[in-house]
$ cat final_36.csv   # CSV, C-alpha atoms
chain,number,residue,atom,x,y,z
A,1,MET,CA,40.1,-7.7,-24.4
A,2,ALA,CA,39.0,-10.5,-26.8
A,3,GLU,CA,37.9,-12.6,-23.9
A,4,LYS,CA,35.8,-9.7,-22.5
A,5,GLU,CA,34.2,-9.2,-25.8
A,6,ALA,CA,33.4,-12.9,-26.0
A,7,ILE,CA,31.7,-12.7,-22.6
A,8,GLU,CA,29.7,-9.7,-23.6
A,9,GLU,CA,28.5,-11.5,-26.8
A,10,ALA,CA,27.6,-14.6,-24.8
A,11,GLN,CA,25.6,-12.4,-22.3
A,12,ARG,CA,23.7,-10.7,-25.1
A,13,LYS,CA,22.9,-14.0,-26.7
A,14,LEU,CA,21.7,-15.7,-23.5
A,15,ARG,CA,19.6,-12.6,-22.6
A,16,SER,CA,18.1,-12.5,-26.1
A,17,GLU,CA,17.2,-16.2,-25.9
A,18,PHE,CA,15.7,-15.8,-22.4
A,19,LEU,CA,13.6,-12.8,-23.4
A,20,GLN,CA,12.4,-14.8,-26.5
A,21,VAL,CA,11.2,-17.6,-24.2
A,22,LEU,CA,9.4,-15.1,-21.9
A,23,ARG,CA,7.7,-13.4,-24.8
A,24,SER,CA,6.6,-16.7,-26.3
A,25,ARG,CA,4.5,-17.3,-23.2
A,26,ARG,CA,2.7,-14.0,-23.2
A,27,PRO,CA,-0.9,-13.4,-24.1
A,28,SER,CA,-1.8,-10.3,-26.1
A,29,GLN,CA,0.2,-7.3,-25.0
A,30,VAL,CA,-1.4,-4.2,-23.4
A,31,PRO,CA,-0.1,-0.8,-22.7
A,32,LEU,CA,1.5,-0.6,-19.2
A,33,THR,CA,-1.1,1.3,-17.0
A,34,VAL,CA,-1.3,2.0,-13.3
A,35,GLU,CA,-4.3,1.9,-11.0
A,36,LEU,CA,-4.7,2.9,-7.4
A,37,ALA,CA,-5.3,0.1,-5.0
A,38,LYS,CA,-6.3,-0.2,-1.3
A,39,PRO,CA,-4.2,-1.7,1.5
A,40,VAL,CA,-4.7,-5.4,2.0
A,41,ALA,CA,-6.4,-5.8,5.4
A,42,THR,CA,-5.8,-9.5,5.7
A,43,PRO,CA,-2.9,-10.8,3.5
A,44,LEU,CA,-3.3,-14.3,2.2
A,45,PHE,CA,-0.7,-16.9,3.2
A,46,GLN,CA,-1.1,-20.2,1.4
A,47,ASP,CA,1.2,-21.8,3.9
A,48,ALA,CA,2.1,-20.9,7.5
A,49,PRO,CA,2.6,-17.1,8.0
A,50,PRO,CA,6.0,-15.9,9.2
A,51,SER,CA,6.7,-16.9,12.8
A,52,ILE,CA,7.6,-14.4,15.4
A,53,LYS,CA,11.2,-15.3,15.0
A,54,GLU,CA,11.1,-14.8,11.3
A,55,ILE,CA,9.5,-11.4,11.7
A,56,GLU,CA,12.2,-10.5,14.2
A,57,ILE,CA,14.9,-11.5,11.8
A,58,MET,CA,13.5,-9.1,9.1
A,59,GLU,CA,13.0,-6.4,11.8
A,60,SER,CA,16.7,-6.7,12.6
A,61,CYS,CA,17.5,-4.9,9.3
A,62,PRO,CA,19.4,-1.7,10.0
A,63,LYS,CA,17.3,1.4,10.2
A,64,SER,CA,18.1,5.1,10.4
A,65,ASP,CA,17.3,6.7,13.7
A,66,VAL,CA,14.2,8.5,12.6
A,67,GLU,CA,11.8,9.9,15.2
A,68,ASN,CA,8.1,9.0,14.6
A,69,LEU,CA,9.0,6.8,11.6
A,70,GLU,CA,5.5,5.5,11.2
A,71,ASP,CA,4.2,9.0,10.8
A,72,LEU,CA,6.8,9.9,8.3
A,73,LEU,CA,6.3,6.9,6.0
A,74,GLU,CA,4.4,7.3,2.8
A,75,GLU,CA,2.6,4.2,1.5
A,76,GLU,CA,1.4,3.5,-2.0
A,77,ASN,CA,-0.7,0.6,-3.0
A,78,LEU,CA,-0.9,0.2,-6.8
A,79,TYR,CA,-1.8,-2.2,-9.6
A,80,LEU,CA,0.3,-2.4,-12.7
A,81,ASN,CA,-1.6,-3.8,-15.7
A,82,VAL,CA,1.2,-5.8,-17.5
A,83,GLU,CA,-0.8,-8.1,-19.8
A,84,GLU,CA,-4.2,-9.5,-20.4
A,85,GLY,CA,-5.7,-12.2,-18.3
A,86,GLU,CA,-6.4,-12.7,-14.6
A,87,GLN,CA,-2.7,-12.8,-13.7
A,88,GLY,CA,-1.9,-9.7,-15.7
A,89,ARG,CA,-2.5,-7.3,-12.8
A,90,LEU,CA,0.6,-6.8,-10.7
A,91,PRO,CA,-0.1,-5.6,-7.1
A,92,LEU,CA,2.6,-3.3,-5.6
A,93,LEU,CA,3.3,-2.1,-2.1
A,94,ILE,CA,5.7,0.9,-1.9
A,95,LEU,CA,7.1,2.6,1.2
A,96,GLN,CA,9.2,5.7,1.4
A,97,LEU,CA,9.9,8.7,3.6
A,98,LYS,CA,7.8,11.7,3.0
A,99,GLU,CA,10.0,14.0,1.0
A,100,SER,CA,9.9,17.8,1.0
A,101,ASP,CA,12.2,17.9,-2.0
A,102,LYS,CA,10.0,16.3,-4.7
A,103,GLN,CA,12.7,16.7,-7.3
A,104,ARG,CA,15.3,14.5,-5.6
A,105,LYS,CA,15.7,11.1,-7.2
A,106,ARG,CA,16.3,8.3,-4.7
A,107,PRO,CA,17.6,4.7,-4.9
A,108,ALA,CA,15.0,1.9,-5.0
A,109,VAL,CA,15.1,-1.7,-4.0
A,110,VAL,CA,12.6,-4.4,-5.0
A,111,PHE,CA,12.0,-7.2,-2.4
A,112,LEU,CA,10.4,-10.5,-3.5
A,113,HIS,CA,8.6,-12.9,-1.1
A,114,ARG,CA,9.1,-16.7,-0.8
A,115,SER,CA,6.7,-19.3,-2.0
A,116,TYR,CA,3.1,-19.2,-0.7
A,117,SER,CA,3.6,-15.8,0.9
A,118,ASN,CA,2.8,-12.2,-0.2
A,119,LYS,CA,4.2,-8.7,-0.6
A,120,GLU,CA,2.9,-7.6,2.9
A,121,SER,CA,5.2,-10.2,4.5
A,122,MET,CA,8.2,-8.0,3.3
A,123,ARG,CA,6.9,-4.9,5.2
A,124,PRO,CA,9.6,-5.0,7.9
A,125,LEU,CA,12.3,-4.8,5.3
A,126,LEU,CA,10.5,-2.1,3.3
A,127,LYS,CA,10.2,0.1,6.5
A,128,ALA,CA,13.9,-0.4,7.3
A,129,TYR,CA,15.1,0.6,3.8
A,130,ALA,CA,12.6,3.5,3.6
A,131,SER,CA,14.0,4.9,6.9
A,132,ARG,CA,17.5,5.0,5.2
A,133,GLY,CA,16.2,7.0,2.2
A,134,TYR,CA,15.3,4.2,-0.2
A,135,ILE,CA,12.0,3.8,-2.1
A,136,ALA,CA,11.2,0.2,-1.1
A,137,ILE,CA,8.9,-2.0,-3.2
A,138,SER,CA,7.4,-5.4,-2.9
A,139,VAL,CA,5.0,-7.2,-5.3
A,140,ASP,CA,2.8,-10.3,-5.2
A,141,SER,CA,4.2,-13.0,-7.4
A,142,ARG,CA,1.8,-14.8,-9.7
A,143,TYR,CA,-0.7,-17.0,-7.9
A,144,HIS,CA,0.3,-15.5,-4.6
A,145,GLY,CA,-1.2,-12.8,-2.3
A,146,GLU,CA,-3.9,-10.8,-4.2
A,147,ARG,CA,-3.3,-12.9,-7.3
A,148,ALA,CA,-3.8,-16.3,-5.6
A,149,THR,CA,-6.2,-18.7,-7.3
A,150,SER,CA,-4.5,-21.9,-6.4
A,151,ALA,CA,-1.4,-23.3,-4.8
A,152,THR,CA,0.5,-23.0,-8.1
A,153,THR,CA,4.1,-22.0,-8.2
A,154,TYR,CA,5.2,-20.3,-11.4
A,155,LEU,CA,8.5,-18.6,-12.3
A,156,ASP,CA,7.8,-15.6,-14.5
A,157,VAL,CA,10.1,-12.6,-14.5
A,158,TRP,CA,8.0,-10.8,-17.1
A,159,ASP,CA,6.3,-8.9,-14.3
A,160,LEU,CA,9.6,-7.7,-13.1
A,161,ILE,CA,10.6,-6.4,-16.5
A,162,LYS,CA,7.4,-4.4,-16.6
A,163,LEU,CA,8.0,-3.3,-13.1
A,164,ALA,CA,11.4,-1.9,-14.2
A,165,ASP,CA,9.6,-0.1,-17.0
A,166,TYR,CA,7.4,1.6,-14.4
A,167,LEU,CA,10.1,2.3,-11.8
A,168,THR,CA,12.6,3.9,-14.3
A,169,HIS,CA,9.9,6.4,-15.3
A,170,ARG,CA,9.0,7.5,-11.8
A,171,GLU,CA,10.2,11.0,-11.2
A,172,ASP,CA,11.3,10.2,-7.6
A,173,ILE,CA,13.5,7.2,-8.5
A,174,ASP,CA,17.1,7.3,-9.9
A,175,PRO,CA,16.8,4.8,-12.8
A,176,SER,CA,20.5,4.0,-12.4
A,177,ARG,CA,20.1,3.0,-8.8
A,178,ILE,CA,17.5,0.2,-8.7
A,179,GLY,CA,18.3,-3.0,-6.8
A,180,ILE,CA,16.5,-6.3,-6.4
A,181,SER,CA,16.5,-9.0,-3.8
A,182,GLY,CA,14.3,-11.8,-2.7
A,183,GLU,CA,14.0,-14.8,-0.3
A,184,SER,CA,14.0,-18.4,-1.6
A,185,PHE,CA,11.5,-18.4,-4.5
A,186,GLY,CA,11.8,-14.7,-4.5
A,187,GLY,CA,15.6,-15.0,-4.6
A,188,MET,CA,15.2,-17.1,-7.7
A,189,HIS,CA,13.0,-14.4,-9.3
A,190,ALA,CA,15.6,-11.7,-8.4
A,191,TRP,CA,18.3,-13.8,-10.0
A,192,PHE,CA,16.5,-14.3,-13.3
A,193,ALA,CA,15.1,-10.7,-13.4
A,194,ALA,CA,18.7,-9.5,-13.3
A,195,VAL,CA,19.6,-11.9,-16.1
A,196,ALA,CA,16.7,-10.6,-18.2
A,197,ASP,CA,16.9,-6.9,-17.4
A,198,THR,CA,20.1,-4.9,-16.9
A,199,ARG,CA,18.1,-2.0,-15.3
A,200,TYR,CA,18.4,-4.0,-12.0
A,201,ALA,CA,21.8,-2.5,-11.1
A,202,VAL,CA,22.5,-4.4,-7.9
A,203,VAL,CA,21.4,-8.0,-7.2
A,204,VAL,CA,21.1,-9.9,-3.9
A,205,PRO,CA,19.3,-13.3,-4.1
A,206,LEU,CA,18.8,-14.9,-0.7
A,207,ILE,CA,18.7,-18.7,-0.4
A,208,GLY,CA,17.5,-18.8,-4.0
A,209,VAL,CA,20.3,-19.7,-6.4
A,210,GLN,CA,21.0,-23.3,-7.2
A,211,GLY,CA,22.3,-25.6,-10.0
A,212,PHE,CA,19.2,-27.3,-11.4
A,213,ARG,CA,21.1,-29.7,-13.7
A,214,TRP,CA,23.7,-30.4,-11.1
A,215,ALA,CA,20.9,-31.4,-8.6
A,216,ILE,CA,19.4,-33.8,-11.2
A,217,ASP,CA,22.7,-35.3,-12.2
A,218,ASN,CA,23.8,-35.8,-8.6
A,219,ASP,CA,20.5,-36.9,-7.2
A,220,LYS,CA,20.1,-33.9,-4.9
A,221,TRP,CA,16.8,-32.6,-6.1
A,222,GLN,CA,14.5,-34.1,-3.4
A,223,ALA,CA,14.6,-31.2,-0.9
A,224,ARG,CA,13.7,-28.6,-3.5
A,225,VAL,CA,11.0,-30.8,-4.9
A,226,ASN,CA,9.4,-31.4,-1.5
A,227,SER,CA,9.1,-27.6,-1.0
A,228,ILE,CA,6.7,-27.3,-3.9
A,229,LYS,CA,5.5,-31.0,-4.1
A,230,PRO,CA,2.0,-30.5,-5.5
A,231,LEU,CA,3.5,-29.4,-8.8
A,232,PHE,CA,5.5,-32.6,-9.1
A,233,GLU,CA,2.7,-34.8,-8.1
A,234,VAL,CA,0.6,-33.5,-11.0
A,235,ALA,CA,3.5,-34.1,-13.4
A,236,ARG,CA,4.0,-37.6,-11.9
A,237,ASP,CA,0.3,-38.4,-12.6
A,238,ASP,CA,0.5,-36.9,-16.1
A,239,LEU,CA,3.4,-39.2,-16.9
A,240,GLY,CA,1.6,-42.2,-15.5
A,241,LYS,CA,4.3,-42.8,-12.9
A,242,ASP,CA,4.0,-44.1,-9.3
A,243,VAL,CA,6.8,-42.0,-7.9
A,244,ILE,CA,8.5,-38.7,-8.6
A,245,ASP,CA,11.8,-39.3,-10.4
A,246,LYS,CA,14.3,-37.4,-12.4
A,247,GLU,CA,12.1,-37.4,-15.5
A,248,VAL,CA,9.3,-35.8,-13.5
A,249,VAL,CA,11.6,-33.2,-12.1
A,250,GLU,CA,12.9,-32.3,-15.5
A,251,LYS,CA,9.3,-31.9,-16.8
A,252,VAL,CA,8.3,-29.6,-14.0
A,253,TRP,CA,11.4,-27.4,-14.3
A,254,ASP,CA,10.7,-27.1,-18.1
A,255,ARG,CA,7.1,-26.2,-17.4
A,256,ILE,CA,8.1,-23.5,-14.8
A,257,ALA,CA,10.7,-22.0,-17.1
A,258,PRO,CA,11.9,-23.7,-20.3
A,259,GLY,CA,15.7,-24.0,-20.2
A,260,LEU,CA,15.9,-23.8,-16.4
A,261,ALA,CA,17.9,-27.0,-16.2
A,262,SER,CA,19.9,-26.4,-19.4
A,263,GLN,CA,20.8,-23.2,-21.2
A,264,PHE,CA,19.5,-20.8,-18.5
A,265,ASP,CA,20.8,-22.7,-15.5
A,266,SER,CA,23.1,-21.0,-13.1
A,267,PRO,CA,26.5,-21.8,-14.7
A,268,TYR,CA,25.3,-19.8,-17.8
A,269,SER,CA,23.0,-17.2,-16.4
A,270,ILE,CA,24.8,-16.0,-13.3
A,271,PRO,CA,27.8,-14.8,-15.3
A,272,THR,CA,25.4,-12.8,-17.5
A,273,ILE,CA,24.9,-10.4,-14.5
A,274,ALA,CA,28.5,-9.2,-14.7
A,275,PRO,CA,29.7,-6.6,-14.1
A,276,ARG,CA,26.8,-5.5,-12.0
A,277,PRO,CA,27.3,-6.0,-8.2
A,278,LEU,CA,26.0,-9.4,-7.2
A,279,LEU,CA,25.8,-10.9,-3.7
A,280,ILE,CA,24.6,-14.5,-3.4
A,281,LEU,CA,23.7,-15.5,0.1
A,282,GLY,CA,22.8,-19.0,1.3
A,283,GLY,CA,23.3,-21.6,3.9
A,284,ALA,CA,26.2,-24.1,3.9
A,285,GLU,CA,23.7,-26.9,4.9
A,286,ASP,CA,21.0,-25.9,2.5
A,287,ARG,CA,19.7,-29.0,0.8
A,288,ARG,CA,17.3,-27.1,-1.5
A,289,CYS,CA,20.2,-25.0,-2.9
A,290,PRO,CA,23.3,-27.2,-2.3
A,291,VAL,CA,26.5,-25.3,-2.1
A,292,ALA,CA,28.3,-28.0,-4.1
A,293,GLY,CA,26.0,-27.2,-7.0
A,294,LEU,CA,27.3,-23.6,-7.1
A,295,GLU,CA,30.9,-24.4,-7.5
A,296,ILE,CA,30.8,-24.3,-11.3
A,297,PRO,CA,28.6,-21.1,-11.4
A,298,ARG,CA,30.9,-19.4,-9.0
A,299,SER,CA,33.9,-20.3,-11.1
A,300,MET,CA,32.3,-19.1,-14.3
A,301,ALA,CA,31.0,-15.9,-12.7
A,302,SER,CA,34.4,-15.2,-11.2
A,303,GLN,CA,35.9,-15.5,-14.7
A,304,ALA,CA,33.4,-13.0,-16.1
A,305,TYR,CA,33.8,-10.5,-13.3
A,306,GLY,CA,37.6,-10.9,-13.6
A,307,GLU,CA,37.4,-10.0,-17.3
A,308,PHE,CA,35.5,-6.9,-16.4
A,309,GLN,CA,38.1,-6.1,-13.8
A,310,CYS,CA,35.6,-5.9,-11.0
A,311,LEU,CA,35.9,-9.0,-8.8
A,312,ASP,CA,34.9,-6.9,-5.8
A,313,ASN,CA,31.4,-6.7,-7.4
A,314,LEU,CA,30.9,-10.4,-6.9
A,315,LYS,CA,30.5,-12.3,-3.6
A,316,PHE,CA,29.2,-15.7,-2.7
A,317,ILE,CA,28.6,-16.4,1.0
A,318,ALA,CA,27.4,-19.8,2.4
A,319,GLU,CA,26.7,-19.2,6.1
A,320,PRO,CA,28.0,-22.1,8.2
A,321,GLY,CA,25.5,-24.4,9.9
A,322,ILE,CA,22.5,-22.8,8.2
A,323,TRP,CA,19.9,-24.7,6.3
A,324,HIS,CA,17.2,-23.1,4.0
A,325,ARG,CA,16.1,-20.1,6.1
A,326,LEU,CA,16.6,-16.3,6.3
A,327,THR,CA,19.0,-15.1,9.0
A,328,ARG,CA,20.0,-11.9,10.6
A,329,PHE,CA,23.5,-12.3,9.0
A,330,GLN,CA,21.9,-12.4,5.5
A,331,VAL,CA,19.7,-9.4,6.3
A,332,LYS,CA,22.7,-7.3,7.5
A,333,GLU,CA,25.0,-8.4,4.6
A,334,SER,CA,22.4,-7.6,2.0
A,335,SER,CA,21.7,-4.2,3.6
A,336,ASP,CA,25.4,-3.3,3.6
A,337,TRP,CA,25.7,-4.4,0.0
A,338,PHE,CA,22.9,-2.2,-1.2
A,339,ASP,CA,24.2,0.7,0.8
A,340,ARG,CA,27.7,0.2,-0.7
A,341,PHE,CA,26.5,0.3,-4.3
A,342,LEU,CA,23.2,2.2,-4.3
A,343,ASN,CA,23.3,4.6,-1.4
A,344,PRO,CA,26.9,5.3,-0.4
$ encode --input "final_36.csv" --output "C-alpha cells"
Amino acid sequence: MAEKEAIEEAQRKLRSEFLQVLRSRRPSQVPLTVELAKPVATPLFQDAPPSIKEIEIMESCPKSDVENLEDLLEEENLYLNVEEGEQGRLPLLILQLKESDKQRKRPAVVFLHRSYSNKESMRPLLKAYASRGYIAISVDSRYHGERATSATTYLDVWDLIKLADYLTHREDIDPSRIGISGESFGGMHAWFAAVADTRYAVVVPLIGVQGFRWAIDNDKWQARVNSIKPLFEVARDDLGKDVIDKEVVEKVWDRIAPGLASQFDSPYSIPTIAPRPLLILGGAEDRRCPVAGLEIPRSMASQAYGEFQCLDNLKFIAEPGIWHRLTRFQVKESSDWFDRFLNP
C-alpha cells in the first residue's frame, strides 16, 4: 500500500510539473468556444501523401457490417478556439453514425496524424470506428493541415487538454470512455496527452514512444533527427556548428518540449498513465523508436501497474521485422484494445 501511495504521489507531482511547463508557454487565455467549419476540399500534406498501401492498411481496420455506411455517417467540421494567436484555433473532424436515440452516450476515440500530414488522412480509421458505434475524432496538430504556416514540428498537448474539455461536455459522449491514439508524431502526442490529462481513459500510441535520453546517451538519435531534420539544421546554425551533434539534439528536444529528455522522458512519464489501459505498439527494427530504449520505461511501467494490481492493462508489442511504419497488425491490435476497454 505504501508503494502504491508513493507511485500516486509521483504521478501527481510529474503531472503538475508538466502542466506548469505547458501553461508557461501559453499566450493570454480565452474562453473555449466552438465554431462551425467547412469540410477541407484539398487537405494539405507537407510531405508525400499516404500511399495506396498506407491507405489500405488503415482501411483494414475492423468495421461493423452496416449497409449504406456512407449514407449513415454524420460528419462534423468544427474549430475550437483554445487560445489567442494564429495557432489558437484547433480544427476538428468528427464522424459518427446517425443516432435515433439522442440521449445515448457513446465512447469516443481521438486519432492523431503523423508529421507533415493532417486530420483528413485519418478518415479511414474514423469511418471504421464510427461504424462500430464510436464517435471518432481527428485534429490538425499545430503547423499542420489547416494550421500549416511552415514545415515546423511542435509538440504541444495543450490543444488535447482543451479538446478533452470539449469532448467531456458533449451530450452524446460518455466522458468516462474517451480514448486516444496516434501514429508516429501523433503517437507521441497521444502519450503526452495521457500523461497530462487523466480524462483520456485508454491510450494507444503507435510507433511514437521512445527513450529520448537513452537515444542521446547511446548515440541512437540519428534516425529520429533525420525525420524532422529542418528543425535540427536551424539549431545547428544557431549554435554555430558545422554538424548536428548531441548538443544540437538536446537543444531541439528542449525547444519542442522542455524536459523531454529529462524529467518527462518515457521512464518517468509512461508510469504516470497507470492504471489506465495502455497499449504501446511499435516495430522491432524501428530506429526512430529503438526497442532497447524502452526497456527501462517498460520495467518502471510494469512496476506501477503491478502496484495497482492491473498488469493486464499494460501491453508493449514490438512487431518483428518492422521498421517505422503503420501495419495491419497495429491497426487490428489497437482496435481490439479500444473495444475491450471502451466498447465491450
$ residues_around --input "final_36.csv" --residues "A:Arg170" --least-positions-apart "2" --cutoff "12 Å" --atoms "all atoms listed in the file" --output "number ranges by chain"
A: 34, 102-108, 135, 163-168, 172-175, 178
$ residues_near_point --input "final_36.csv" --point "(27.3, -24.8, 10.4)" --cutoff "12 Å" --atoms "all atoms listed in the file" --output "CSV table (one decimal) with C-alpha atoms, in the frame of the given file"
chain,number,residue,atom,x,y,z
A,282,GLY,CA,22.8,-19.0,1.3
A,283,GLY,CA,23.3,-21.6,3.9
A,284,ALA,CA,26.2,-24.1,3.9
A,285,GLU,CA,23.7,-26.9,4.9
A,286,ASP,CA,21.0,-25.9,2.5
A,318,ALA,CA,27.4,-19.8,2.4
A,319,GLU,CA,26.7,-19.2,6.1
A,320,PRO,CA,28.0,-22.1,8.2
A,321,GLY,CA,25.5,-24.4,9.9
A,322,ILE,CA,22.5,-22.8,8.2
A,323,TRP,CA,19.9,-24.7,6.3
$ atom_distance --input "final_36.csv" --atom1 "atom CA of A:Gln87" --atom2 "atom CA of A:Ala223"
28.3 Å
$ closest_atom_pairs --input "final_36.csv" --of "stretch 108-158 of chain A" --to "stretch 13-33 of chain A" --cutoff "9 Å" --atoms "all atoms listed in the file" --output "Markdown table"
| residue | atom | partner | partner_atom | distance |
| --- | --- | --- | --- | --- |
| A:Asp156 | CA | A:Leu22 | CA | 7.6 |
| A:Val157 | CA | A:Leu22 | CA | 7.8 |
| A:Trp158 | CA | A:Leu22 | CA | 6.6 |
$ closest_atom_pairs --input "final_36.csv" --of "stretch 95-176 of chain A" --to "stretch 184-189 of chain A" --cutoff "12 Å" --atoms "only C-alpha atoms" --output "CSV"
residue,atom,partner,partner_atom,distance
A:Val110,CA,A:Gly186,CA,10.3
A:Phe111,CA,A:Gly186,CA,7.8
A:Leu112,CA,A:Gly186,CA,4.5
A:His113,CA,A:Gly186,CA,5.0
A:Arg114,CA,A:Phe185,CA,4.7
A:Ser115,CA,A:Phe185,CA,5.5
A:Tyr116,CA,A:Phe185,CA,9.3
A:Ser117,CA,A:Gly186,CA,9.9
A:Asn118,CA,A:Gly186,CA,10.3
A:Lys119,CA,A:Gly186,CA,10.4
A:Met122,CA,A:Gly186,CA,10.9
A:Ser138,CA,A:Gly186,CA,10.4
A:Val139,CA,A:Gly186,CA,10.2
A:Asp140,CA,A:Gly186,CA,10.0
A:Ser141,CA,A:Gly186,CA,8.3
A:Arg142,CA,A:His189,CA,11.2
A:His144,CA,A:Gly186,CA,11.5
A:Thr153,CA,A:Phe185,CA,9.0
A:Tyr154,CA,A:Phe185,CA,9.5
A:Leu155,CA,A:His189,CA,6.8
A:Asp156,CA,A:His189,CA,7.5
A:Val157,CA,A:His189,CA,6.2
A:Trp158,CA,A:His189,CA,9.9
A:Asp159,CA,A:His189,CA,10.0
A:Leu160,CA,A:His189,CA,8.4
A:Ile161,CA,A:His189,CA,11.0
$ closest_residue --input "final_36.csv" --among "A:Phe329, A:Trp253, A:Phe316, A:Tyr268" --to "A:Ala304" --atoms "only C-alpha atoms"
A:Tyr268
$ closest_residue --input "final_36.csv" --among "A:Leu78, A:Leu36, A:Leu279, A:Ala136" --to "A:Leu97" --atoms "only C-alpha atoms"
A:Ala136
$ atom_distance --input "final_36.csv" --atom1 "atom CA of A:Phe264" --atom2 "atom CA of A:Ala2"
23.6 Å
$ build_atoms --input "final_36.csv" --residues "stretch 80-92 of chain A" --atoms "N, CA and C atoms" --output "short mmCIF file (atom, residue, chain, number, x, y, z; two decimals), in the frame of the given file"
data_model
loop_
_atom_site.label_atom_id
_atom_site.label_comp_id
_atom_site.auth_asym_id
_atom_site.auth_seq_id
_atom_site.Cartn_x
_atom_site.Cartn_y
_atom_site.Cartn_z
N LEU A 80 -0.19 -2.59 -11.40
CA LEU A 80 0.30 -2.40 -12.70
C LEU A 80 -0.37 -3.41 -13.65
N ASN A 81 -0.98 -2.94 -14.73
CA ASN A 81 -1.60 -3.80 -15.70
C ASN A 81 -0.48 -4.17 -16.74
N VAL A 82 0.03 -5.40 -16.68
CA VAL A 82 1.20 -5.80 -17.50
C VAL A 82 0.84 -6.63 -18.69
N GLU A 83 -0.33 -7.26 -18.67
CA GLU A 83 -0.80 -8.10 -19.80
C GLU A 83 -2.24 -8.42 -19.58
N GLU A 84 -2.86 -9.04 -20.58
CA GLU A 84 -4.20 -9.50 -20.40
C GLU A 84 -4.31 -10.71 -19.54
N GLY A 85 -5.51 -10.99 -19.05
CA GLY A 85 -5.70 -12.20 -18.30
C GLY A 85 -5.73 -11.91 -16.77
N GLU A 86 -6.19 -12.91 -16.00
CA GLU A 86 -6.40 -12.70 -14.60
C GLU A 86 -5.09 -12.50 -13.82
N GLN A 87 -3.97 -12.99 -14.36
CA GLN A 87 -2.70 -12.80 -13.70
C GLN A 87 -1.94 -11.57 -14.23
N GLY A 88 -2.60 -10.81 -15.08
CA GLY A 88 -1.90 -9.70 -15.70
C GLY A 88 -1.92 -8.41 -14.91
N ARG A 89 -2.50 -8.44 -13.72
CA ARG A 89 -2.50 -7.30 -12.80
C ARG A 89 -1.52 -7.49 -11.70
N LEU A 90 -0.48 -6.67 -11.64
CA LEU A 90 0.60 -6.80 -10.70
C LEU A 90 0.41 -5.91 -9.47
N PRO A 91 0.14 -6.46 -8.28
CA PRO A 91 -0.10 -5.60 -7.10
C PRO A 91 1.29 -5.16 -6.51
N LEU A 92 1.38 -3.87 -6.18
CA LEU A 92 2.60 -3.30 -5.60
C LEU A 92 2.31 -2.68 -4.25
#
